[in-house]
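**Q** Input: one structure, supplied below.
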Amino acid sequence: MTIQTADLTGIDVRAEIERLRKERNAVILAHYYQKPEIQDLADFVGDSLDLSRKAAATDADVIAFCGVKFMADTAKILSPQKTVILPDLEAGCSLEDSCPPEKFKAFREAHPDHIALTYINCSTEVKALSDIIVTSSSAETILQQIPADQKIIFGPDRHLGGYLSRKFNREMLLWPGVCIVHEAFSETELMKLMQEHPGAPVAAHPECPPAIIDHADYVGSTSGILNYAMTMEGDTLIVATEPHIIHQMEKALPNKNFIGAPGADGNCNCNICPYMALNTLEKLYIALRDLQPRIEIDEDLRLAAKKSLDRMLEMAAGTVGKGDLGDR
Ligand code: 13P
Ligand code: SF4
């Protein structure tokens, strides 16, 4: 459901969000890929793991989730008594789309001796079919707790799975999904940029293809990349992930230079996540006003999906969402 916002002229949307946030006892959670104006008014901005933990722990009555649908679904799975709203229900994810539950189920059934270690970027149904969920900031910690002789299916991101597989020399059966955003980075254009900024390190999200990862000085989750930016010594960083994360870097370090890695024509907007971009301040206001669009999940399905998410939270305990994938 994409909400019409044409009738909001004359309304001070920011002031209304403030009023409704208090009136509804709502917490606004935002992912680093959200537009700066959303990040700036959120109560908490974080990566997928941090946001899951916040959703599980909040005492607010309403969670206004500014991110994509699988993230809002996760909040509802972990906090079923809360009202969870998502400004635009169409805010999906190409990784979730790549992994229809019935096909995933058949894949699992064809490999009964494998466990399913599944990236959080998937549907609630796929979570329910999985053994353990991981985020990019918890994947390494969790994988290392799985006995070496245990066979593993990893889905739906073949690049994150491939990265982990190479790093830990651990064979895994990979589901063939990709993130359309990270897939769009161009190695040729990245190399040109690196020549223009000699010595500038490259930080990349593990959803990037290997050709991009191979140039990275640091590989990690969004919070890991942010942490790298905060602690690096140089003045310039090339950032190979969705560019809205640069907003946090520029706020914290206004005198440093953060450059988004380029897509195929060197100057496209193809690295902006089109799903995340569906959320706007206007839609957030309407969602808080109407408590719609609202996330609803069948209780049996929720309980089934919660098992694999709870395992993630247990196995990732002590992981602080700050770059646990570490240096290559
Ligand atoms: P993080 O867990 O690193 O925030 O990643 C979420 C995501 O969707 C990246 O594309
Ligand atoms: Fe999904 Fe990619 Fe957007 Fe992340 S950036 S939400 S993986 S489409």
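Residues in the structure tokens are named by chain (A, B, ... in the order shown) and by number from 1 within that chain; ligands are numbered from 1 in the order shown.
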Ligand 2: which residues are within 7 Å, counting only C-alpha atoms and all ligand atoms, as a list in words?
**A** Val68, Gly92, Cys93, Ser94, Leu95, Asn121, Cys179, Ile180, Val181, His182, Glu242, Cys273, Pro274, Tyr275 and Met276 of chain A
**Q** Which residues are near ligand 1 in this structure, taking near to mean any atom at most 9 Å from a ligand atom and counting only C-alpha atoms and all ligand atoms? Format them as a VMD selection string.
**A** chain A and resid 31 to 33 46 to 51 67 to 68 71 93 95 120 to 121 134 to 138 179 181 to 182 205 to 207 220 to 225 241 to 242 273 321 323
**Q** List the neighbours of stretch 15-29 of chain A out to 10 Å using only C-alpha atoms; skip same-chain residues closer than 3 positions along the sequence, and give me the result as a PyMOL selection string.
**A** chain A and resi 11-12+38-39+41-46+50-52+54-55+58-67+72+75+82-85+281-282+284-289+291
**Q** Going by DSSP on the backbone, which residues of stretch 40-260 of chain A come out as alpha helix (DSSP H)? List them as a count of residues only.
**A** 92
**Q** Can I get the residues of stretch 129-211 of chain A within 12 Å of stretch 303-320 of chain A, each with the closest pair of atoms and their distance in Å to one decimal, using only C-alpha atoms, sorted chain first then ascending number, as a Markdown table?
**A**
| residue | atom | partner | partner_atom | distance |
| --- | --- | --- | --- | --- |
| A:Leu129 | CA | A:Ala305 | CA | 7.4 |
| A:Ser130 | CA | A:Ser308 | CA | 6.2 |
| A:Asp131 | CA | A:Ser308 | CA | 5.1 |
| A:Ile132 | CA | A:Ser308 | CA | 4.4 |
| A:Ile133 | CA | A:Met312 | CA | 5.3 |
| A:Val134 | CA | A:Met312 | CA | 6.0 |
| A:Thr135 | CA | A:Met312 | CA | 8.4 |
| A:Ser136 | CA | A:Ala316 | CA | 11.1 |
| A:Ser137 | CA | A:Thr319 | CA | 7.8 |
| A:Ser138 | CA | A:Ala316 | CA | 5.7 |
| A:Ala139 | CA | A:Ala316 | CA | 8.3 |
| A:Glu140 | CA | A:Ala316 | CA | 9.3 |
| A:Thr141 | CA | A:Ala316 | CA | 6.5 |
| A:Ile142 | CA | A:Met315 | CA | 5.8 |
| A:Leu143 | CA | A:Met315 | CA | 9.3 |
| A:Gln144 | CA | A:Met315 | CA | 10.0 |
| A:Gln145 | CA | A:Met315 | CA | 7.8 |
| A:Ile146 | CA | A:Met315 | CA | 10.1 |
**Q** Those selected residues, please, written with C-alpha atoms and delivered as a PDB file, in the first residue's frame.
**A**
ATOM      1  CA  LEU A 129      11.965 -22.434   7.759  1.00  0.00           C
ATOM      2  CA  SER A 130      15.450 -21.570   9.059  1.00  0.00           C
ATOM      3  CA  ASP A 131      17.522 -22.727  12.028  1.00  0.00           C
ATOM      4  CA  ILE A 132      19.540 -19.610  12.804  1.00  0.00           C
ATOM      5  CA  ILE A 133      19.267 -16.050  11.519  1.00  0.00           C
ATOM      6  CA  VAL A 134      22.321 -13.839  11.095  1.00  0.00           C
ATOM      7  CA  THR A 135      22.908 -10.185  10.294  1.00  0.00           C
ATOM      8  CA  SER A 136      26.068  -8.950   8.651  1.00  0.00           C
ATOM      9  CA  SER A 137      27.373  -7.814  12.049  1.00  0.00           C
ATOM     10  CA  SER A 138      26.663 -11.119  13.786  1.00  0.00           C
ATOM     11  CA  ALA A 139      27.368 -13.637  10.988  1.00  0.00           C
ATOM     12  CA  GLU A 140      31.008 -14.257  11.821  1.00  0.00           C
ATOM     13  CA  THR A 141      30.446 -14.722  15.559  1.00  0.00           C
ATOM     14  CA  ILE A 142      27.575 -17.110  14.902  1.00  0.00           C
ATOM     15  CA  LEU A 143      29.248 -19.123  12.139  1.00  0.00           C
ATOM     16  CA  GLN A 144      32.227 -19.772  14.405  1.00  0.00           C
ATOM     17  CA  GLN A 145      29.923 -21.428  16.967  1.00  0.00           C
ATOM     18  CA  ILE A 146      28.671 -24.016  14.458  1.00  0.00           C
TER      19      ILE A 146
END
**Q** Can you tell me how far atom CA of A:Met191 sits from atom CA of A:His159, in Å to one decimal?
**A**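 It comes out at 20.0 Å.
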**Q** Just the residues within 10 Å of A:His114, please, counting only C-alpha atoms, with nothing from its chain fewer than 6 positions along; format it as a list of chain:residue names.
**A**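 So, after excluding close chain neighbours, the residues are A:Arg108, A:Asp131, A:Gln150, A:Lys151, A:Ile152, A:Ile153, A:Phe154, A:Met172, A:Leu173.
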**Q** Please measure the separation of atom CA of A:Ala200 and atom CA of A:Ala261, giving the value in Å to one decimal.
**A**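 Between atom CA of A:Ala200 and atom CA of A:Ala261 the gap is 11.9 Å.
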**Q** Please report the interatomic distance between atom CA of A:Pro100 and atom CA of A:Ala184 in Å with one decimal.
**A**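 Atom-to-atom, atom CA of A:Pro100 to atom CA of A:Ala184, that is 22.6 Å.
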**Q** Contacts of A:Ile213 at 7 Å or less, counting only C-alpha atoms, minus same-chain residues fewer than 4 places along, as JSON, numbers by chain?
**A** {"A": [204, 208, 209]}
**Q** Looking only at strand (DSSP E or B) from DSSP on the backbone, list the matching residues of stretch 50-198 of chain A as a VMD selection string.
**A** chain A and resid 62 to 66 83 to 85 114 to 119 132 to 134 151 to 155 157 173 to 174 177 185
**Q** Which is closest to A:Pro243 among A:Ala264, A:Ile272, A:Ala128, A:Val219, if we use only C-alpha atoms?
**A** A:Ile272
**Q** I need the residue nearest A:Ala148 from this list: A:Gly162, A:Asp7, A:Glu233, A:Asn169. Use only C-alpha atoms for the distance.
**A**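 That would be A:Asn169, the residue with the smallest distance to A:Ala148.
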